[in-house]
file final00.pdb (PDB, C-alpha atoms and all ligand atoms)
ATOM      1  CA  MET A   1     -27.168 -24.996  33.874  1.00  0.00           C
ATOM      2  CA  SER A   2     -24.918 -25.172  36.934  1.00  0.00           C
ATOM      3  CA  GLU A   3     -23.456 -22.006  38.469  1.00  0.00           C
ATOM      4  CA  GLU A   4     -20.055 -23.124  37.188  1.00  0.00           C
ATOM      5  CA  GLY A   5     -21.453 -23.495  33.659  1.00  0.00           C
ATOM      6  CA  LYS A   6     -22.987 -20.045  33.770  1.00  0.00           C
ATOM      7  CA  ARG A   7     -19.682 -18.513  34.822  1.00  0.00           C
ATOM      8  CA  ASN A   8     -17.680 -20.177  32.050  1.00  0.00           C
ATOM      9  CA  GLY A   9     -20.177 -19.628  29.249  1.00  0.00           C
ATOM     10  CA  PRO A  10     -21.611 -22.136  26.803  1.00  0.00           C
ATOM     11  CA  ALA A  11     -20.034 -25.574  26.517  1.00  0.00           C
ATOM     12  CA  PHE A  12     -20.960 -26.321  22.888  1.00  0.00           C
ATOM     13  CA  GLU A  13     -21.410 -29.981  23.704  1.00  0.00           C
ATOM     14  CA  ASP A  14     -23.608 -30.788  20.734  1.00  0.00           C
ATOM     15  CA  ALA A  15     -22.952 -32.282  17.301  1.00  0.00           C
ATOM     16  CA  ARG A  16     -20.039 -30.062  16.329  1.00  0.00           C
ATOM     17  CA  ALA A  17     -16.522 -31.499  16.105  1.00  0.00           C
ATOM     18  CA  LYS A  18     -14.924 -28.201  17.180  1.00  0.00           C
ATOM     19  CA  LYS A  19     -12.292 -28.206  14.450  1.00  0.00           C
ATOM     20  CA  ILE A  20     -11.880 -25.288  12.055  1.00  0.00           C
ATOM     21  CA  MET A  21      -9.678 -24.483   9.087  1.00  0.00           C
ATOM     22  CA  ILE A  22      -9.333 -20.948   7.746  1.00  0.00           C
ATOM     23  CA  VAL A  23      -9.475 -21.238   3.969  1.00  0.00           C
ATOM     24  CA  ALA A  24      -8.883 -18.814   1.080  1.00  0.00           C
ATOM     25  CA  HIS A  25     -12.148 -17.877  -0.554  1.00  0.00           C
ATOM     26  CA  CYS A  26     -11.345 -19.249  -4.007  1.00  0.00           C
ATOM     27  CA  VAL A  27     -10.742 -22.775  -2.723  1.00  0.00           C
ATOM     28  CA  LEU A  28     -14.530 -22.964  -2.522  1.00  0.00           C
ATOM     29  CA  ASN A  29     -15.364 -20.424  -5.209  1.00  0.00           C
ATOM     30  CA  GLN A  30     -13.137 -20.212  -8.244  1.00  0.00           C
ATOM     31  CA  ASN A  31     -15.463 -17.584  -9.695  1.00  0.00           C
ATOM     32  CA  ALA A  32     -13.740 -14.979  -7.527  1.00  0.00           C
ATOM     33  CA  ARG A  33     -10.399 -15.382  -9.272  1.00  0.00           C
ATOM     34  CA  ILE A  34      -8.837 -12.763 -11.530  1.00  0.00           C
ATOM     35  CA  ASP A  35      -9.469 -13.350 -15.243  1.00  0.00           C
ATOM     36  CA  THR A  36      -7.322 -16.209 -16.671  1.00  0.00           C
ATOM     37  CA  CYS A  37      -6.498 -17.722 -13.260  1.00  0.00           C
ATOM     38  CA  ALA A  38      -9.353 -20.121 -12.408  1.00  0.00           C
ATOM     39  CA  THR A  39      -8.065 -23.702 -12.577  1.00  0.00           C
ATOM     40  CA  ALA A  40     -11.310 -25.508 -11.697  1.00  0.00           C
ATOM     41  CA  PRO A  41     -14.990 -24.977 -12.564  1.00  0.00           C
ATOM     42  CA  ALA A  42     -16.071 -24.220  -9.002  1.00  0.00           C
ATOM     43  CA  VAL A  43     -14.040 -25.598  -6.062  1.00  0.00           C
ATOM     44  CA  PHE A  44     -10.909 -27.596  -5.215  1.00  0.00           C
ATOM     45  CA  PRO A  45     -12.770 -30.927  -4.885  1.00  0.00           C
ATOM     46  CA  LYS A  46     -10.092 -32.856  -2.968  1.00  0.00           C
ATOM     47  CA  VAL A  47      -9.594 -30.100  -0.428  1.00  0.00           C
ATOM     48  CA  LEU A  48     -13.327 -29.843   0.169  1.00  0.00           C
ATOM     49  CA  GLU A  49     -13.763 -33.628   0.412  1.00  0.00           C
ATOM     50  CA  THR A  50     -10.862 -33.927   2.849  1.00  0.00           C
ATOM     51  CA  LEU A  51     -12.168 -31.185   5.111  1.00  0.00           C
ATOM     52  CA  VAL A  52     -15.663 -32.690   5.104  1.00  0.00           C
ATOM     53  CA  ASP A  53     -14.392 -36.249   5.681  1.00  0.00           C
ATOM     54  CA  ARG A  54     -12.322 -35.095   8.658  1.00  0.00           C
ATOM     55  CA  GLN A  55     -15.208 -33.097  10.137  1.00  0.00           C
ATOM     56  CA  ILE A  56     -13.331 -29.832   9.875  1.00  0.00           C
ATOM     57  CA  GLY A  57     -15.457 -26.689   9.731  1.00  0.00           C
ATOM     58  CA  ILE A  58     -14.523 -24.276   6.955  1.00  0.00           C
ATOM     59  CA  LEU A  59     -13.945 -20.634   7.800  1.00  0.00           C
ATOM     60  CA  GLN A  60     -13.824 -19.210   4.257  1.00  0.00           C
ATOM     61  CA  TYR A  61     -12.360 -15.731   4.391  1.00  0.00           C
ATOM     62  CA  PRO A  62     -13.598 -13.186   1.807  1.00  0.00           C
ATOM     63  CA  CYS A  63     -11.549 -12.817  -1.385  1.00  0.00           C
ATOM     64  CA  PRO A  64      -9.481  -9.704  -0.626  1.00  0.00           C
ATOM     65  CA  GLU A  65      -8.815  -8.876  -4.270  1.00  0.00           C
ATOM     66  CA  LEU A  66     -12.482  -9.101  -5.206  1.00  0.00           C
ATOM     67  CA  GLY A  67     -13.462  -7.108  -2.121  1.00  0.00           C
ATOM     68  CA  PHE A  68     -10.969  -4.301  -2.746  1.00  0.00           C
ATOM     69  CA  LEU A  69     -10.313  -4.318  -6.505  1.00  0.00           C
ATOM     70  CA  GLY A  70     -13.449  -5.949  -7.905  1.00  0.00           C
ATOM     71  CA  MET A  71     -14.009  -8.587 -10.592  1.00  0.00           C
ATOM     72  CA  GLY A  72     -12.492  -6.459 -13.368  1.00  0.00           C
ATOM     73  CA  ARG A  73      -9.078  -6.281 -11.721  1.00  0.00           C
ATOM     74  CA  GLN A  74      -6.054  -6.816 -13.962  1.00  0.00           C
ATOM     75  CA  GLY A  75      -2.333  -7.070 -13.446  1.00  0.00           C
ATOM     76  CA  GLN A  76      -1.697 -10.788 -13.679  1.00  0.00           C
ATOM     77  CA  ASP A  77      -2.117 -13.323 -16.472  1.00  0.00           C
ATOM     78  CA  CYS A  78      -1.877 -16.942 -15.423  1.00  0.00           C
ATOM     79  CA  ALA A  79      -0.761 -17.904 -18.917  1.00  0.00           C
ATOM     80  CA  SER A  80       2.591 -16.211 -18.289  1.00  0.00           C
ATOM     81  CA  TRP A  81       4.436 -16.591 -15.003  1.00  0.00           C
ATOM     82  CA  ASP A  82       7.744 -15.198 -16.214  1.00  0.00           C
ATOM     83  CA  GLY A  83       7.037 -11.531 -15.559  1.00  0.00           C
ATOM     84  CA  THR A  84       6.604 -10.622 -19.231  1.00  0.00           C
ATOM     85  CA  TYR A  85       2.914  -9.764 -18.816  1.00  0.00           C
ATOM     86  CA  GLN A  86       2.392  -6.137 -17.923  1.00  0.00           C
ATOM     87  CA  HIS A  87      -0.775  -4.140 -17.523  1.00  0.00           C
ATOM     88  CA  GLU A  88      -1.242  -0.407 -17.181  1.00  0.00           C
ATOM     89  CA  SER A  89      -2.870  -0.887 -13.772  1.00  0.00           C
ATOM     90  CA  GLY A  90       0.375  -2.475 -12.547  1.00  0.00           C
ATOM     91  CA  GLU A  91       0.951  -5.510 -10.346  1.00  0.00           C
ATOM     92  CA  VAL A  92      -1.924  -6.804  -8.244  1.00  0.00           C
ATOM     93  CA  TYR A  93       0.364  -6.834  -5.180  1.00  0.00           C
ATOM     94  CA  ASP A  94       1.009  -3.098  -5.628  1.00  0.00           C
ATOM     95  CA  GLN A  95      -2.685  -2.382  -6.169  1.00  0.00           C
ATOM     96  CA  MET A  96      -3.442  -4.165  -2.880  1.00  0.00           C
ATOM     97  CA  SER A  97      -0.616  -2.297  -1.137  1.00  0.00           C
ATOM     98  CA  VAL A  98      -1.897   1.261  -1.461  1.00  0.00           C
ATOM     99  CA  PRO A  99      -2.713   2.614   2.024  1.00  0.00           C
ATOM    100  CA  GLU A 100      -6.457   1.913   1.673  1.00  0.00           C
ATOM    101  CA  GLY A 101      -5.695  -1.613   0.478  1.00  0.00           C
ATOM    102  CA  ARG A 102      -3.463  -2.324   3.438  1.00  0.00           C
ATOM    103  CA  GLU A 103      -6.090  -0.940   5.779  1.00  0.00           C
ATOM    104  CA  TYR A 104      -8.651  -3.270   4.181  1.00  0.00           C
ATOM    105  CA  LEU A 105      -6.304  -6.244   4.619  1.00  0.00           C
ATOM    106  CA  ARG A 106      -5.487  -5.312   8.218  1.00  0.00           C
ATOM    107  CA  ASP A 107      -9.189  -5.127   9.051  1.00  0.00           C
ATOM    108  CA  LEU A 108      -9.730  -8.551   7.481  1.00  0.00           C
ATOM    109  CA  ALA A 109      -6.756  -9.985   9.380  1.00  0.00           C
ATOM    110  CA  ASP A 110      -7.847  -8.419  12.673  1.00  0.00           C
ATOM    111  CA  ASN A 111     -11.341  -9.843  12.259  1.00  0.00           C
ATOM    112  CA  LEU A 112      -9.859 -13.300  11.756  1.00  0.00           C
ATOM    113  CA  MET A 113      -7.781 -12.809  14.934  1.00  0.00           C
ATOM    114  CA  TYR A 114     -10.949 -12.001  16.849  1.00  0.00           C
ATOM    115  CA  GLN A 115     -12.650 -15.143  15.569  1.00  0.00           C
ATOM    116  CA  ILE A 116      -9.607 -17.318  16.334  1.00  0.00           C
ATOM    117  CA  LYS A 117      -9.484 -15.991  19.898  1.00  0.00           C
ATOM    118  CA  GLU A 118     -13.195 -16.555  20.366  1.00  0.00           C
ATOM    119  CA  TYR A 119     -13.022 -20.125  19.088  1.00  0.00           C
ATOM    120  CA  ARG A 120      -9.984 -20.927  21.219  1.00  0.00           C
ATOM    121  CA  LYS A 121     -11.557 -19.355  24.282  1.00  0.00           C
ATOM    122  CA  TYR A 122     -14.274 -22.003  24.059  1.00  0.00           C
ATOM    123  CA  GLY A 123     -12.016 -24.941  23.350  1.00  0.00           C
ATOM    124  CA  PHE A 124     -12.305 -25.149  19.577  1.00  0.00           C
ATOM    125  CA  LYS A 125      -9.242 -26.162  17.555  1.00  0.00           C
ATOM    126  CA  VAL A 126      -8.312 -23.695  14.825  1.00  0.00           C
ATOM    127  CA  LEU A 127      -5.963 -25.857  12.781  1.00  0.00           C
ATOM    128  CA  GLY A 128      -4.392 -23.339  10.431  1.00  0.00           C
ATOM    129  CA  VAL A 129      -4.730 -21.112   7.396  1.00  0.00           C
ATOM    130  CA  LEU A 130      -4.791 -22.403   3.815  1.00  0.00           C
ATOM    131  CA  GLY A 131      -3.659 -19.703   1.395  1.00  0.00           C
ATOM    132  CA  ILE A 132      -2.835 -20.078  -2.301  1.00  0.00           C
ATOM    133  CA  LEU A 133       0.674 -20.501  -3.661  1.00  0.00           C
ATOM    134  CA  ALA A 134       1.685 -17.785  -6.140  1.00  0.00           C
ATOM    135  CA  SER A 135      -1.241 -15.472  -5.409  1.00  0.00           C
ATOM    136  CA  PRO A 136      -0.105 -11.819  -5.084  1.00  0.00           C
ATOM    137  CA  THR A 137      -2.433 -11.569  -2.100  1.00  0.00           C
ATOM    138  CA  CYS A 138      -2.881 -15.037  -0.542  1.00  0.00           C
ATOM    139  CA  GLY A 139       0.513 -16.461  -1.537  1.00  0.00           C
ATOM    140  CA  VAL A 140       2.453 -18.216   1.235  1.00  0.00           C
ATOM    141  CA  GLY A 141       6.205 -18.021   0.639  1.00  0.00           C
ATOM    142  CA  LEU A 142       5.480 -17.676  -3.068  1.00  0.00           C
ATOM    143  CA  LYS A 143       3.636 -14.891  -4.832  1.00  0.00           C
ATOM    144  CA  TYR A 144       3.380 -13.429  -8.295  1.00  0.00           C
ATOM    145  CA  TYR A 145       5.220 -10.117  -8.439  1.00  0.00           C
ATOM    146  CA  LYS A 146       6.945  -9.377 -11.742  1.00  0.00           C
ATOM    147  CA  GLY A 147       7.355 -13.125 -12.046  1.00  0.00           C
ATOM    148  CA  LEU A 148       7.415 -15.699  -9.262  1.00  0.00           C
ATOM    149  CA  ASP A 149       8.807 -14.276  -6.040  1.00  0.00           C
ATOM    150  CA  GLN A 150       9.509 -16.361  -2.943  1.00  0.00           C
ATOM    151  CA  THR A 151       7.780 -14.112  -0.449  1.00  0.00           C
ATOM    152  CA  ASP A 152       4.292 -13.829   1.012  1.00  0.00           C
ATOM    153  CA  GLY A 153       1.314 -12.181  -0.639  1.00  0.00           C
ATOM    154  CA  ALA A 154      -0.110  -8.958   0.773  1.00  0.00           C
ATOM    155  CA  LEU A 155      -2.811 -10.555   2.955  1.00  0.00           C
ATOM    156  CA  ILE A 156      -0.458 -13.183   4.329  1.00  0.00           C
ATOM    157  CA  GLU A 157       1.990 -10.422   5.296  1.00  0.00           C
ATOM    158  CA  GLU A 158      -0.805  -8.706   7.202  1.00  0.00           C
ATOM    159  CA  LEU A 159      -1.991 -11.976   8.744  1.00  0.00           C
ATOM    160  CA  ARG A 160       1.481 -12.715  10.127  1.00  0.00           C
ATOM    161  CA  ARG A 161       1.684  -9.196  11.593  1.00  0.00           C
ATOM    162  CA  ALA A 162      -1.777  -9.559  13.100  1.00  0.00           C
ATOM    163  CA  LEU A 163      -0.835 -12.917  14.658  1.00  0.00           C
ATOM    164  CA  ASP A 164       2.251 -11.274  16.189  1.00  0.00           C
ATOM    165  CA  ARG A 165       0.208  -8.363  17.536  1.00  0.00           C
ATOM    166  CA  ALA A 166      -2.352 -10.761  19.008  1.00  0.00           C
ATOM    167  CA  GLY A 167       0.325 -13.084  20.425  1.00  0.00           C
ATOM    168  CA  LEU A 168      -1.180 -16.036  18.553  1.00  0.00           C
ATOM    169  CA  ASP A 169       0.502 -18.977  16.912  1.00  0.00           C
ATOM    170  CA  LEU A 170      -1.082 -20.509  13.824  1.00  0.00           C
ATOM    171  CA  PRO A 171       0.406 -22.474  10.915  1.00  0.00           C
ATOM    172  CA  ILE A 172      -0.065 -20.956   7.457  1.00  0.00           C
ATOM    173  CA  HIS A 173       0.327 -23.083   4.333  1.00  0.00           C
ATOM    174  CA  GLY A 174      -0.170 -22.449   0.632  1.00  0.00           C
ATOM    175  CA  LEU A 175      -2.267 -24.795  -1.487  1.00  0.00           C
ATOM    176  CA  ASN A 176      -1.051 -25.645  -4.964  1.00  0.00           C
ATOM    177  CA  ASP A 177      -3.679 -25.533  -7.719  1.00  0.00           C
ATOM    178  CA  LEU A 178      -1.865 -28.246  -9.627  1.00  0.00           C
ATOM    179  CA  GLU A 179      -1.059 -30.651  -6.755  1.00  0.00           C
ATOM    180  CA  PRO A 180      -4.285 -31.917  -5.139  1.00  0.00           C
ATOM    181  CA  ASP A 181      -2.528 -34.770  -3.312  1.00  0.00           C
ATOM    182  CA  GLU A 182      -0.045 -32.355  -1.725  1.00  0.00           C
ATOM    183  CA  ASN A 183      -2.970 -30.224  -0.597  1.00  0.00           C
ATOM    184  CA  VAL A 184      -4.587 -33.237   1.057  1.00  0.00           C
ATOM    185  CA  ALA A 185      -1.299 -34.048   2.831  1.00  0.00           C
ATOM    186  CA  ILE A 186      -1.150 -30.498   4.216  1.00  0.00           C
ATOM    187  CA  ILE A 187      -4.632 -30.850   5.712  1.00  0.00           C
ATOM    188  CA  GLN A 188      -3.863 -34.296   7.131  1.00  0.00           C
ATOM    189  CA  ALA A 189      -0.704 -32.957   8.796  1.00  0.00           C
ATOM    190  CA  LEU A 190      -2.546 -30.005  10.327  1.00  0.00           C
ATOM    191  CA  ASP A 191      -5.263 -32.319  11.636  1.00  0.00           C
ATOM    192  CA  ALA A 192      -2.889 -35.020  12.909  1.00  0.00           C
TER     193      ALA A 192
HETATM  194  S1  LIG B 201      -5.963 -16.352  -3.911  1.00  0.00           S
HETATM  195 FE1  LIG B 201      -6.911 -14.909  -2.476  1.00  0.00          FE
HETATM  196  S2  LIG B 201      -7.105 -12.996  -3.622  1.00  0.00           S
HETATM  197 FE2  LIG B 201      -6.765 -14.634  -5.115  1.00  0.00          FE
HETATM  198  S3  LIG B 201      -8.816 -15.279  -5.725  1.00  0.00           S
HETATM  199 FE3  LIG B 201      -8.177 -16.599  -4.043  1.00  0.00          FE
HETATM  200  S4  LIG B 201      -9.011 -15.611  -2.201  1.00  0.00           S
HETATM  201 FE4  LIG B 201      -9.037 -14.097  -3.866  1.00  0.00          FE
END

call {"tool": "encode", "arguments": {"input": "final00.pdb", "output": "structure tokens"}}
result
Amino acid sequence: MSEEGKRNGPAFEDARAKKIMIVAHCVLNQNARIDTCATAPAVFPKVLETLVDRQIGILQYPCPELGFLGMGRQGQDCASWDGTYQHESGEVYDQMSVPEGREYLRDLADNLMYQIKEYRKYGFKVLGVLGILASPTCGVGLKYYKGLDQTDGALIEELRRALDRAGLDLPIHGLNDLEPDENVAIIQALDA
């Protein structure tokens, strides 16, 4: 390696395409979803196919609800979006918003910031974040909170704050479980 190369670090001039998308965990693992809310047996096939076809690496962030509340979490029923469903444990958004939950989400968001900075430092393109419309946690401009509410989920709130703190710019979009073609269009636009 030349002296210049040593100073600037590795070049990563191998097979990788140097493109990355940050993706909500359940896009590639529906098993993580809260009871009643899986809409596919395993993955979102069109999203996965599109990312693979376009040679975009997948940075799958951990499911925050599973990581903090576990598989037995309750507080949302995807059979009723009108706010009539209530559970004694309360709304998932509120369960994720206790101080320990917010700390957990901030740590997750800060770790993603670190990875984004590292990738960008070495010339990789981090294209954006794909959250999940209507999720209390990963919702982007739409979350479930006592019915559908046109605001971000708890993790997306923390991600936006972390981006501000880090001085980073990154598009964040929500995928729609029921609109695979719209999801593909989002990825195409981010990778234009
Ligand atoms: S939307 Fe977010 S919190 Fe909900 S299952 Fe997917 S990754 Fe987990």

call {"tool": "closest_residue", "arguments": {"input": "final00.pdb", "among": "A:Glu49, A:Glu158, A:Asp191, A:Glu65", "to": "ligand LIG 201 (chain B)", "atoms": "all atoms listed in the file"}}
result
A:Glu65

call {"tool": "residues_near_ligand", "arguments": {"input": "final00.pdb", "ligand": "ligand LIG 201 (chain B)", "cutoff": "9 Å", "atoms": "all atoms listed in the file", "output": "NGL selection string"}}
result
:A and (23-27 or 29-34 or 37-38 or 60-67 or 131-139 or 153 or 155)

call {"tool": "closest_residue", "arguments": {"input": "final00.pdb", "among": "A:Met113, A:Val140, A:Leu28, A:Ala17", "to": "Pro45 (chain A)", "atoms": "all atoms listed in the file"}}
result
A:Leu28

call {"tool": "atom_distance", "arguments": {"input": "final00.pdb", "atom1": "CA of Glu182 (chain A)", "atom2": "CA of Trp81 (chain A)"}}
result
21.1 Å

call {"tool": "closest_residue", "arguments": {"input": "final00.pdb", "among": "A:Val126, A:Ile187, A:Ala166, A:Leu108", "to": "Ala154 (chain A)", "atoms": "all atoms listed in the file"}}
result
A:Leu108

call {"tool": "atom_distance", "arguments": {"input": "final00.pdb", "atom1": "CA of His173 (chain A)", "atom2": "CA of Glu100 (chain A)"}}
result
26.0 Å

call {"tool": "closest_residue", "arguments": {"input": "final00.pdb", "among": "A:Lys125, A:Lys117, A:Arg102, A:Lys146", "to": "Gly90 (chain A)", "atoms": "only C-alpha atoms"}}
result
A:Lys146
